[in-house]
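Enquirer: mmCIF, C-alpha atoms, saved as work_27.cif, coming up:
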data_my_file
#
loop_
_atom_site.label_atom_id
_atom_site.label_comp_id
_atom_site.auth_asym_id
_atom_site.auth_seq_id
_atom_site.Cartn_x
_atom_site.Cartn_y
_atom_site.Cartn_z
CA MET A 1 -9.71 -14.24 5.79
CA GLN A 2 -13.20 -13.64 4.44
CA LEU A 3 -13.57 -12.75 0.80
CA LYS A 4 -16.81 -11.10 -0.15
CA GLY A 5 -17.84 -8.73 -2.85
CA GLN A 6 -19.64 -8.18 -6.08
CA LYS A 7 -19.02 -6.65 -9.42
CA SER A 8 -21.40 -5.67 -12.13
CA ILE A 9 -20.28 -6.68 -15.59
CA GLU A 10 -22.02 -5.39 -18.68
CA ALA A 11 -22.89 -8.68 -20.26
CA SER A 12 -25.50 -11.39 -19.87
CA PRO A 13 -25.06 -14.06 -17.17
CA GLU A 14 -24.39 -16.52 -20.00
CA VAL A 15 -21.45 -14.49 -21.27
CA CYS A 16 -20.12 -13.88 -17.76
CA PHE A 17 -20.42 -17.54 -16.88
CA ARG A 18 -18.63 -18.56 -20.06
CA LEU A 19 -15.80 -16.09 -19.43
CA LEU A 20 -15.32 -17.02 -15.80
CA THR A 21 -15.18 -20.73 -16.48
CA ASP A 22 -12.91 -20.56 -19.51
CA PRO A 23 -9.31 -21.44 -18.50
CA ALA A 24 -7.90 -19.34 -21.34
CA VAL A 25 -9.83 -16.28 -20.12
CA LEU A 26 -8.87 -16.91 -16.50
CA VAL A 27 -5.19 -17.10 -17.38
CA ARG A 28 -5.53 -13.77 -19.21
CA THR A 29 -7.54 -12.01 -16.51
CA MET A 30 -6.37 -13.36 -13.14
CA PRO A 31 -3.29 -11.40 -12.08
CA GLY A 32 -0.37 -13.81 -11.70
CA LEU A 33 -2.12 -16.91 -13.06
CA LYS A 34 0.40 -18.35 -15.50
CA ARG A 35 -0.95 -21.71 -16.55
CA MET A 36 -3.99 -24.00 -16.23
CA GLU A 37 -3.80 -27.59 -17.46
CA PRO A 38 -6.95 -29.73 -17.21
CA ILE A 39 -6.50 -32.93 -15.18
CA GLY A 40 -10.16 -33.99 -15.33
CA ASP A 41 -13.31 -33.50 -13.26
CA GLY A 42 -13.27 -29.74 -13.65
CA THR A 43 -9.88 -29.66 -11.94
CA TYR A 44 -6.80 -27.96 -13.30
CA GLN A 45 -3.12 -28.02 -12.45
CA ALA A 46 -2.26 -24.35 -11.98
CA ASP A 47 0.83 -22.18 -11.64
CA MET A 48 0.49 -18.76 -10.13
CA GLU A 49 2.84 -15.97 -9.35
CA MET A 50 1.10 -14.14 -6.57
CA GLY A 51 1.99 -11.19 -4.47
CA VAL A 52 2.76 -7.55 -4.62
CA ALA A 53 5.84 -5.46 -5.18
CA ALA A 54 8.61 -6.91 -3.05
CA ILE A 55 6.71 -9.94 -1.77
CA ARG A 56 6.03 -12.20 -4.68
CA GLY A 57 6.01 -15.96 -4.76
CA ARG A 58 5.42 -18.73 -7.25
CA TYR A 59 2.68 -21.08 -6.19
CA SER A 60 1.72 -24.31 -7.84
CA GLY A 61 -1.33 -26.36 -7.05
CA THR A 62 -4.81 -27.10 -8.24
CA LEU A 63 -7.81 -25.05 -9.18
CA ALA A 64 -11.19 -26.77 -9.36
CA MET A 65 -14.66 -25.70 -10.38
CA GLN A 66 -17.34 -27.61 -8.53
CA ASP A 67 -21.12 -27.64 -8.07
CA ILE A 68 -21.52 -26.06 -11.48
CA VAL A 69 -25.01 -24.78 -12.27
CA PRO A 70 -24.62 -23.44 -15.82
CA ASN A 71 -25.10 -19.66 -16.11
CA THR A 72 -26.05 -19.44 -12.42
CA SER A 73 -23.29 -20.41 -10.02
CA TYR A 74 -20.24 -22.50 -9.23
CA ARG A 75 -17.71 -23.00 -6.51
CA MET A 76 -14.03 -22.33 -7.08
CA VAL A 77 -11.56 -24.24 -4.92
CA MET A 78 -7.87 -23.42 -5.08
CA ASP A 79 -4.97 -25.02 -3.25
CA GLY A 80 -1.49 -23.66 -3.76
CA GLN A 81 1.93 -24.29 -2.27
CA GLY A 82 4.84 -21.93 -2.61
CA PRO A 83 8.15 -21.05 -1.02
CA GLY A 84 6.51 -18.59 1.38
CA GLY A 85 3.64 -20.80 2.49
CA PHE A 86 0.32 -22.09 1.27
CA VAL A 87 -2.92 -20.58 -0.02
CA ASN A 88 -6.35 -22.23 0.08
CA VAL A 89 -9.31 -20.47 -1.44
CA ASN A 90 -12.91 -21.65 -1.37
CA LEU A 91 -15.19 -19.24 -3.15
CA SER A 92 -18.82 -19.46 -4.19
CA VAL A 93 -19.54 -17.45 -7.31
CA GLN A 94 -23.06 -16.48 -8.37
CA PHE A 95 -24.25 -14.84 -11.55
CA VAL A 96 -27.25 -12.65 -10.82
CA PRO A 97 -28.97 -11.23 -13.91
CA GLN A 98 -29.58 -7.47 -13.94
CA GLU A 99 -31.38 -5.40 -16.53
CA ALA A 100 -28.54 -5.02 -19.01
CA SER A 101 -25.75 -6.63 -17.08
CA CYS A 102 -24.81 -9.37 -14.70
CA ASN A 103 -23.87 -9.06 -11.07
CA VAL A 104 -21.07 -11.43 -10.16
CA VAL A 105 -21.35 -12.08 -6.43
CA TYR A 106 -18.54 -13.92 -4.66
CA GLU A 107 -18.27 -15.04 -1.10
CA GLY A 108 -15.94 -17.39 0.64
CA GLU A 109 -12.76 -17.81 2.54
CA ALA A 110 -9.05 -17.70 1.86
CA LYS A 111 -6.55 -19.34 4.16
CA VAL A 112 -2.96 -18.27 3.92
CA GLY A 113 -0.27 -19.89 6.02
CA GLY A 114 3.48 -19.93 6.41
CA THR A 115 5.96 -17.07 6.44
CA VAL A 116 3.81 -14.96 4.14
CA ALA A 117 0.93 -15.01 6.60
CA GLY A 118 3.18 -14.43 9.60
CA VAL A 119 4.82 -11.37 8.14
CA GLY A 120 2.06 -10.09 5.93
CA GLN A 121 -1.13 -10.91 7.81
CA ARG A 122 -2.03 -7.28 8.39
CA MET A 123 -1.79 -6.63 4.64
CA LEU A 124 -3.49 -9.72 3.23
CA SER A 125 -7.03 -8.39 2.94
CA GLY A 126 -5.89 -5.14 1.37
CA VAL A 127 -3.87 -7.06 -1.18
CA ALA A 128 -6.71 -9.52 -1.84
CA THR A 129 -9.11 -6.65 -2.55
CA PHE A 130 -6.59 -5.10 -4.90
CA ILE A 131 -6.12 -8.37 -6.83
CA MET A 132 -9.89 -8.99 -7.02
CA ASN A 133 -10.47 -5.50 -8.40
CA GLN A 134 -7.78 -6.02 -11.02
CA PHE A 135 -9.28 -9.38 -11.93
CA PHE A 136 -12.80 -8.05 -12.38
CA GLY A 137 -11.49 -5.04 -14.25
CA ASN A 138 -9.84 -7.43 -16.71
CA VAL A 139 -12.97 -9.60 -16.96
CA ALA A 140 -15.09 -6.53 -17.72
CA LYS A 141 -12.68 -5.70 -20.54
CA GLU A 142 -12.94 -9.23 -21.95
CA ALA A 143 -16.73 -8.98 -21.77
CA ARG A 144 -16.65 -5.75 -23.78
CA GLU A 145 -14.40 -7.36 -26.36
CA VAL A 146 -16.47 -10.51 -26.92
CA GLN A 147 -19.62 -8.43 -27.39
CA GLN A 148 -18.17 -6.15 -30.02
CA MET B 1 18.05 -16.30 7.37
CA ILE B 2 20.15 -16.34 4.23
CA PRO B 3 18.62 -14.84 1.11
CA ALA B 4 18.30 -16.71 -2.16
CA THR B 5 21.06 -16.05 -4.68
CA PHE B 6 20.89 -12.63 -6.30
CA LYS B 7 23.10 -10.35 -8.35
CA TYR B 8 24.14 -7.00 -6.93
CA GLN B 9 24.76 -3.93 -9.03
CA ARG B 10 25.66 -0.49 -7.77
CA ALA B 11 24.09 2.16 -9.99
CA HIS B 12 26.35 5.08 -10.94
CA SER B 13 23.45 7.39 -11.72
CA VAL B 14 19.66 7.44 -11.72
CA ASP B 15 19.67 6.83 -15.48
CA ASP B 16 21.97 3.89 -14.92
CA ALA B 17 19.43 2.45 -12.45
CA ILE B 18 16.57 3.03 -14.91
CA ALA B 19 18.52 1.15 -17.58
CA ALA B 20 19.10 -1.76 -15.18
CA LEU B 21 15.38 -1.91 -14.33
CA ALA B 22 14.50 -1.90 -18.03
CA LYS B 23 16.72 -4.93 -18.62
CA ASP B 24 15.37 -7.00 -15.73
CA PRO B 25 11.71 -6.44 -14.80
CA GLY B 26 12.19 -8.51 -11.63
CA ALA B 27 14.99 -6.28 -10.34
CA LYS B 28 14.55 -4.35 -7.09
CA LEU B 29 16.07 -1.05 -6.07
CA LEU B 30 18.00 -0.99 -2.81
CA GLN B 31 18.57 2.01 -0.55
CA GLY B 32 19.06 1.58 3.19
CA GLY B 33 18.02 -2.05 2.96
CA HIS B 34 15.94 -2.08 6.12
CA SER B 35 12.75 -3.21 4.43
CA LEU B 36 13.94 -5.14 1.39
CA LEU B 37 16.75 -7.14 3.00
CA PRO B 38 14.64 -8.62 5.82
CA LEU B 39 12.08 -9.70 3.20
CA MET B 40 14.87 -11.27 1.14
CA LYS B 41 16.22 -13.08 4.19
CA LEU B 42 12.76 -14.47 4.89
CA ARG B 43 12.77 -15.43 1.19
CA LEU B 44 9.49 -13.62 0.70
CA ALA B 45 11.29 -11.44 -1.83
CA ARG B 46 13.60 -13.14 -4.30
CA PRO B 47 14.74 -10.56 -6.81
CA GLY B 48 17.33 -11.87 -9.24
CA LEU B 49 19.00 -8.49 -9.33
CA VAL B 50 19.37 -5.82 -6.67
CA VAL B 51 20.31 -2.34 -7.92
CA ASP B 52 21.84 -0.21 -5.17
CA ILE B 53 20.91 3.47 -5.43
CA GLY B 54 21.58 4.34 -1.80
CA GLN B 55 24.89 6.08 -2.55
CA LEU B 56 23.79 8.27 -5.44
CA ALA B 57 24.75 11.86 -4.68
CA GLU B 58 21.93 13.15 -6.91
CA LEU B 59 19.39 11.51 -4.57
CA ARG B 60 20.91 12.74 -1.34
CA THR B 61 20.14 16.47 -1.30
CA ILE B 62 17.89 18.43 1.04
CA ASP B 63 16.84 21.71 -0.52
CA VAL B 64 14.87 24.24 1.53
CA LYS B 65 13.60 26.84 -0.93
CA ALA B 66 11.37 29.87 -0.47
CA ASP B 67 8.20 28.15 -1.65
CA SER B 68 9.01 24.45 -1.27
CA VAL B 69 11.15 21.83 0.39
CA PHE B 70 12.75 18.99 -1.55
CA ILE B 71 14.18 15.88 0.08
CA GLY B 72 16.11 13.44 -2.09
CA ALA B 73 14.93 9.83 -2.06
CA ALA B 74 18.19 8.51 -0.55
CA VAL B 75 18.24 10.97 2.38
CA ARG B 76 18.35 8.99 5.60
CA TYR B 77 16.03 9.47 8.56
CA HIS B 78 18.79 10.75 10.86
CA GLU B 79 19.84 13.30 8.25
CA ILE B 80 16.31 14.66 8.25
CA ALA B 81 16.29 14.80 12.05
CA ASP B 82 19.63 16.65 12.11
CA HIS B 83 18.82 19.21 9.42
CA ALA B 84 18.14 22.46 11.29
CA PRO B 85 16.60 24.55 8.47
CA LEU B 86 14.26 21.67 7.62
CA ALA B 87 13.22 21.28 11.25
CA GLN B 88 12.37 24.96 11.28
CA VAL B 89 10.10 24.99 8.22
CA MET B 90 8.56 21.52 8.63
CA PRO B 91 8.96 20.36 12.22
CA VAL B 92 6.65 17.39 11.69
CA LEU B 93 9.33 15.65 9.62
CA LYS B 94 11.84 15.64 12.45
CA LYS B 95 9.16 14.56 14.92
CA THR B 96 8.22 11.64 12.70
CA VAL B 97 11.61 10.29 11.71
CA SER B 98 12.71 10.45 15.36
CA VAL B 99 10.17 7.79 16.33
CA ILE B 100 10.76 5.41 13.43
CA ALA B 101 12.03 2.03 14.66
CA ASP B 102 15.45 2.20 16.37
CA PRO B 103 18.73 4.14 15.93
CA GLN B 104 20.17 1.51 13.57
CA VAL B 105 17.21 1.80 11.23
CA ARG B 106 17.23 5.60 11.47
CA HIS B 107 20.85 5.66 10.37
CA ARG B 108 20.28 3.44 7.34
CA GLY B 109 16.64 3.84 6.36
CA THR B 110 15.76 6.46 3.75
CA ILE B 111 12.70 8.60 3.10
CA GLY B 112 12.44 7.34 -0.48
CA GLY B 113 12.85 3.72 0.54
CA SER B 114 9.99 4.09 2.98
CA ALA B 115 7.81 5.78 0.37
CA ALA B 116 8.50 3.17 -2.31
CA HIS B 117 8.09 0.20 0.01
CA ALA B 118 4.68 1.58 1.03
CA ASP B 119 4.17 -0.41 4.18
CA PRO B 120 0.67 0.63 5.27
CA THR B 121 1.97 1.23 8.80
CA SER B 122 4.82 3.51 7.73
CA ASP B 123 5.08 6.56 9.98
CA LEU B 124 6.03 8.88 7.14
CA ALA B 125 2.97 7.89 5.11
CA ALA B 126 0.82 9.99 7.45
CA VAL B 127 3.07 13.00 6.90
CA PHE B 128 3.17 12.55 3.11
CA LEU B 129 -0.63 12.48 2.97
CA ALA B 130 -1.28 15.25 5.48
CA ALA B 131 1.25 17.58 3.87
CA ASP B 132 0.15 16.88 0.26
CA ALA B 133 3.62 15.66 -0.66
CA ARG B 134 4.57 15.45 -4.31
CA PHE B 135 6.57 12.43 -5.43
CA MET B 136 9.04 13.20 -8.19
CA VAL B 137 9.79 10.14 -10.32
CA ARG B 138 11.81 9.43 -13.44
CA GLY B 139 11.43 6.55 -15.87
CA PRO B 140 12.50 5.71 -19.41
CA GLY B 141 9.91 8.20 -20.71
CA GLY B 142 11.03 11.13 -18.57
CA GLU B 143 9.94 12.66 -15.30
CA ARG B 144 6.51 13.00 -13.73
CA VAL B 145 4.96 14.06 -10.45
CA ILE B 146 2.65 11.85 -8.41
CA ARG B 147 0.48 13.40 -5.72
CA ALA B 148 0.43 11.79 -2.27
CA ALA B 149 -3.31 11.15 -2.63
CA ASP B 150 -2.55 8.91 -5.63
CA TRP B 151 0.63 7.29 -4.29
CA TYR B 152 -0.71 4.53 -2.00
CA VAL B 153 -2.58 2.09 -4.22
CA ALA B 154 -2.71 -0.98 -1.95
CA PRO B 155 -0.51 -2.37 0.82
CA LEU B 156 3.07 -2.41 -0.55
CA ILE B 157 1.86 -1.05 -3.90
CA THR B 158 2.41 2.50 -5.07
CA ALA B 159 1.72 4.39 -8.25
CA LEU B 160 5.44 4.11 -9.06
CA ALA B 161 5.87 1.95 -12.17
CA SER B 162 8.33 -0.94 -12.01
CA ASP B 163 10.70 0.82 -14.42
CA GLU B 164 10.67 4.15 -12.56
CA VAL B 165 12.93 5.55 -9.86
CA LEU B 166 11.69 7.85 -7.10
CA LEU B 167 13.92 10.94 -7.17
CA GLY B 168 12.62 12.67 -4.10
CA ILE B 169 9.71 14.20 -2.30
CA GLU B 170 8.58 17.80 -2.39
CA PHE B 171 6.47 19.71 0.10
CA ALA B 172 4.92 23.11 -0.55
CA ARG B 173 5.76 26.01 1.78
CA PRO B 174 4.57 27.51 3.99
CA SER B 175 3.08 24.53 5.77
CA PRO B 176 0.69 25.09 8.71
CA ASP B 177 2.21 26.60 11.87
CA HIS B 178 1.44 23.83 14.32
CA GLN B 179 2.57 20.34 13.45
CA THR B 180 2.87 17.02 15.17
CA TYR B 181 3.11 13.31 14.61
CA LEU B 182 1.84 11.06 17.33
CA LYS B 183 1.90 7.30 17.26
CA PHE B 184 0.66 4.39 19.26
CA ALA B 185 3.34 1.82 18.58
CA HIS B 186 2.87 -1.92 18.47
CA PRO B 187 4.50 -3.09 21.70
CA ALA B 188 6.70 -5.66 19.99
CA SER B 189 7.47 -4.38 16.52
CA GLY B 190 7.29 -0.63 17.11
CA TYR B 191 5.21 -0.25 13.95
CA ALA B 192 2.37 2.24 14.18
CA LEU B 193 -0.90 0.65 15.25
CA ALA B 194 -2.17 4.16 14.73
CA GLY B 195 -0.06 7.16 13.82
CA VAL B 196 -1.48 10.61 13.22
CA ALA B 197 0.14 13.53 11.44
CA ALA B 198 -1.69 16.78 12.15
CA LEU B 199 -0.80 20.14 10.57
CA VAL B 200 -2.97 22.96 11.85
CA SER B 201 -3.01 26.75 11.60
CA TYR B 202 -5.19 28.87 13.87
CA ASP B 203 -5.63 32.54 14.71
CA ALA B 204 -5.15 34.37 18.01
CA THR B 205 -8.48 33.11 19.32
CA LEU B 206 -7.63 29.48 18.50
CA HIS B 207 -10.02 29.44 15.52
CA VAL B 208 -8.69 26.95 12.99
CA THR B 209 -7.85 28.39 9.60
CA LYS B 210 -6.32 25.26 8.12
CA ALA B 211 -6.25 21.60 9.16
CA GLN B 212 -4.50 18.73 7.43
CA ILE B 213 -4.74 15.37 9.17
CA ALA B 214 -3.76 11.85 8.08
CA VAL B 215 -3.71 8.47 9.79
CA THR B 216 -1.32 5.57 9.22
CA GLY B 217 -1.25 2.03 10.63
CA ALA B 218 -4.85 1.74 11.74
CA GLY B 219 -6.55 1.30 8.38
CA VAL B 220 -6.01 -1.02 5.44
CA LEU B 221 -4.18 1.91 3.86
CA PRO B 222 -2.94 5.20 5.29
CA PHE B 223 -5.69 7.77 4.78
CA ARG B 224 -6.45 11.45 4.96
CA ALA B 225 -9.05 12.40 7.57
CA LYS B 226 -10.87 14.95 5.38
CA PRO B 227 -14.15 15.05 7.33
CA ALA B 228 -12.18 15.97 10.46
CA GLU B 229 -10.42 18.76 8.56
CA ASN B 230 -13.68 20.15 7.19
CA PHE B 231 -15.31 20.09 10.59
CA LEU B 232 -12.39 21.79 12.34
CA THR B 233 -11.94 24.60 9.87
CA GLY B 234 -13.58 27.69 11.38
CA GLU B 235 -14.05 25.97 14.75
CA ARG B 236 -12.15 26.83 17.89
CA LEU B 237 -9.60 24.15 18.72
CA THR B 238 -10.77 22.80 22.06
CA ARG B 239 -10.97 19.44 23.74
CA GLU B 240 -14.56 19.10 22.54
CA SER B 241 -13.95 20.07 18.93
CA ALA B 242 -10.91 17.81 18.85
CA GLU B 243 -13.02 14.91 20.04
CA GLN B 244 -15.72 15.55 17.46
CA ALA B 245 -13.16 15.92 14.70
CA ALA B 246 -11.46 12.71 15.82
CA GLN B 247 -14.72 10.80 15.55
CA LEU B 248 -15.35 12.09 12.03
CA GLY B 249 -11.73 11.51 11.05
CA ALA B 250 -11.73 7.90 12.23
CA ASP B 251 -14.90 7.27 10.22
CA ALA B 252 -13.00 8.16 7.04
CA GLY B 253 -10.80 5.05 7.29
CA GLU B 254 -11.38 1.50 6.14
CA TYR B 255 -10.41 -1.06 8.77
CA GLU B 256 -9.71 -4.78 8.84
CA GLY B 257 -9.05 -6.76 11.99
CA ASP B 258 -6.36 -9.36 12.46
CA VAL B 259 -5.71 -12.00 15.12
CA GLN B 260 -4.60 -9.49 17.73
CA TYR B 261 -6.49 -6.33 16.90
CA PRO B 262 -10.10 -6.33 15.72
CA ALA B 263 -11.25 -3.66 13.29
CA GLU B 264 -13.28 -1.81 15.98
CA TYR B 265 -10.17 -1.57 18.15
CA ARG B 266 -8.15 -0.10 15.30
CA LYS B 267 -10.83 2.42 14.49
CA ASN B 268 -11.12 3.47 18.11
CA LEU B 269 -7.37 3.82 18.31
CA ALA B 270 -7.41 6.06 15.24
CA ARG B 271 -10.02 8.24 16.93
CA VAL B 272 -8.08 8.46 20.20
CA MET B 273 -4.83 9.31 18.44
CA ILE B 274 -6.39 11.99 16.24
CA ARG B 275 -7.87 13.61 19.35
CA ARG B 276 -4.57 13.48 21.23
CA ALA B 277 -2.65 14.87 18.28
CA LEU B 278 -5.08 17.78 17.95
CA GLU B 279 -5.11 18.48 21.67
CA SER B 280 -1.32 18.61 21.72
CA LEU B 281 -1.45 21.42 19.15
CA ALA B 282 -3.85 23.68 21.05
#
Go ahead and render the structure in this file as structure tokens.
Expert:
Amino acid sequence: MQLKGQKSIEASPEVCFRLLTDPAVLVRTMPGLKRMEPIGDGTYQADMEMGVAAIRGRYSGTLAMQDIVPNTSYRMVMDGQGPGGFVNVNLSVQFVPQEASCNVVYEGEAKVGGTVAGVGQRMLSGVATFIMNQFFGNVAKEAREVQQ
Amino acid sequence: MIPATFKYQRAHSVDDAIAALAKDPGAKLLQGGHSLLPLMKLRLARPGLVVDIGQLAELRTIDVKADSVFIGAAVRYHEIADHAPLAQVMPVLKKTVSVIADPQVRHRGTIGGSAAHADPTSDLAAVFLAADARFMVRGPGGERVIRAADWYVAPLITALASDEVLLGIEFARPSPDHQTYLKFAHPASGYALAGVAALVSYDATLHVTKAQIAVTGAGVLPFRAKPAENFLTGERLTRESAEQAAQLGADAGEYEGDVQYPAEYRKNLARVMIRRALESLA
């Protein structure tokens, strides 16, 4: 499944970059992300509870930030295993400065396998969009708070 | 196909169910069990507590009033199909529930269960949207009404909060004179690849005075085909106007392809089914 989108956040690229690479902020803003423990090299052990309504699973795995260009871009790689299957996400994130804000542009791929994918394939992209919107909504709120 | 361990509680009233939900945020409400139980058996859903509201008398009424129709959340599909006064004032409901899945499902599945589960291919979703249904819900803070346009938030996600119970669904009367639900079913699962609910009124010369059209199954979410409605209103309902409306209506959806059915195929199917539904009403 392709993931692609962008969201304008009213803060400088520096602030956006700082928020989106701060484990504490990610745990607060990413729906379902419960825990991130650093294990070195920009990689974290992560626990997530992902899903919607009836279908909800606990996934554990790793989340890594690679190819970091401060205040400009990075790549987020996630691998998770859960009772309903696995999730792999490989996402490039760019911070494009705007006049008074920052455009966060993401593009990449998510692979979902196992029972979840078999049963829920037709719903995955709709759910992914929903989760991304929630996430960026939360990040925008954090950005407002740090600038006050 | 054995679910993970869970506790079962039969609610004695709606308020009882609300209290149970308040105590355990991971609890799920159970009605006919034809959506939740398969998910539990696949272990995709693992609620620690299942609260059964399928037997509650207060959720099982059908009330046909002068200016509205109310259907309790725990009313089963076959009860809707067999209710003569309801079939008279809103024939589209009977048409729709008669093509849901198979007889076993129709004898257990409930209108409220379908609404709350919010499968984006649900047949009834098209009817709820087209008919501007109103969802009556109650939570710890009291009752509120959610409009159909606000109900479907994302696949399997509704505007119903996790501590609220859907009481029933209300439709305003009179609804348009000519009503149908037409679906192109997935050959294996029977789910709607595209399902169209069309409610249309027209005068003696076939000029459309009101059109309400919604599509389920084809798009990421069920959607209302507003541009088709706007185009049709004032037009004569003919093969040509139906085709033009269908094109505009299909454009209103947002489509995603999967392994079997690319997005263009789904959109085309939406167009074809809107046209056929409209033609069947002329």
Enquirer: Show me, as a count of residues only, the residues that have an atom within 10 Å of stretch 89-97 of chain A when counting all atoms listed in the file, minus same-chain residues fewer than 2 positions from it.
Expert: 49
Enquirer: Could the residues of chain A that have an atom at most 8 Å from chain B be listed as a tab-separated table, each with its closest atom pair and the distance in Å to one decimal, counting all atoms listed in the file and ordered by chain and ascending residue number?
Expert:
residue	atom	partner	partner_atom	distance
A:Val52	CA	B:Leu156	CA	6.6
A:Ala53	CA	B:Ile157	CA	6.1
A:Ala54	CA	B:Ala45	CA	5.4
A:Ile55	CA	B:Ala45	CA	4.8
A:Arg56	CA	B:Ala45	CA	6.0
A:Gly57	CA	B:Leu44	CA	6.9
A:Pro83	CA	B:Arg43	CA	7.6
A:Gly84	CA	B:Leu44	CA	5.8
A:Thr115	CA	B:Leu42	CA	7.4
A:Val116	CA	B:Leu44	CA	6.8
A:Gln121	CA	B:Asp258	CA	7.2
A:Arg122	CA	B:Asp258	CA	6.3
A:Met123	CA	B:Pro155	CA	5.9
A:Ser125	CA	B:Glu256	CA	7.4
A:Gly126	CA	B:Val220	CA	5.8
A:Val127	CA	B:Pro155	CA	6.1
A:Phe130	CA	B:Ala154	CA	6.4
Enquirer: With the file shown as input, list the residues that the PyMOL selection byres ((chain B and resi 277) around 9) selects, as a list in words.
Expert: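 When the PyMOL selection byres ((chain B and resi 277) around 9) is applied, the selected residues are Gln179, Thr180, Tyr181, Leu182, Lys183, Val196, Ala197, Ala198, Ala242, Val272, Met273, Ile274, Arg275, Arg276, Leu278, Glu279, Ser280 and Leu281 of chain B.
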Enquirer: Between B:Phe135, B:Tyr191, B:Phe128, B:Tyr8, which one has atoms that come closest to B:Phe223, using only C-alpha atoms?
Expert: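 Checking each candidate against B:Phe223, we get B:Phe128 as the closest.
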Enquirer: Using only C-alpha atoms, find the one residue out of A:Tyr44, A:Phe136, A:Phe86, A:Tyr59 that sits nearest to A:Glu10.
Expert: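 The shortest atom-to-atom distance to A:Glu10 comes from A:Phe136.
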Enquirer: Excluding A:Glu37 and any residue of its chain fewer than 3 positions from it, enumerate the residues within 12 Å of it, using all atoms listed in the file, and give them as a VMD selection string.
Expert: chain A and resid 22 to 24 26 to 27 33 to 34 40 to 47 60 to 64
Enquirer: Could you tell me how far atom CA of B:Phe231 lies from atom CA of B:Glu243, in Å and to one decimal?
Expert: 11.0 Å
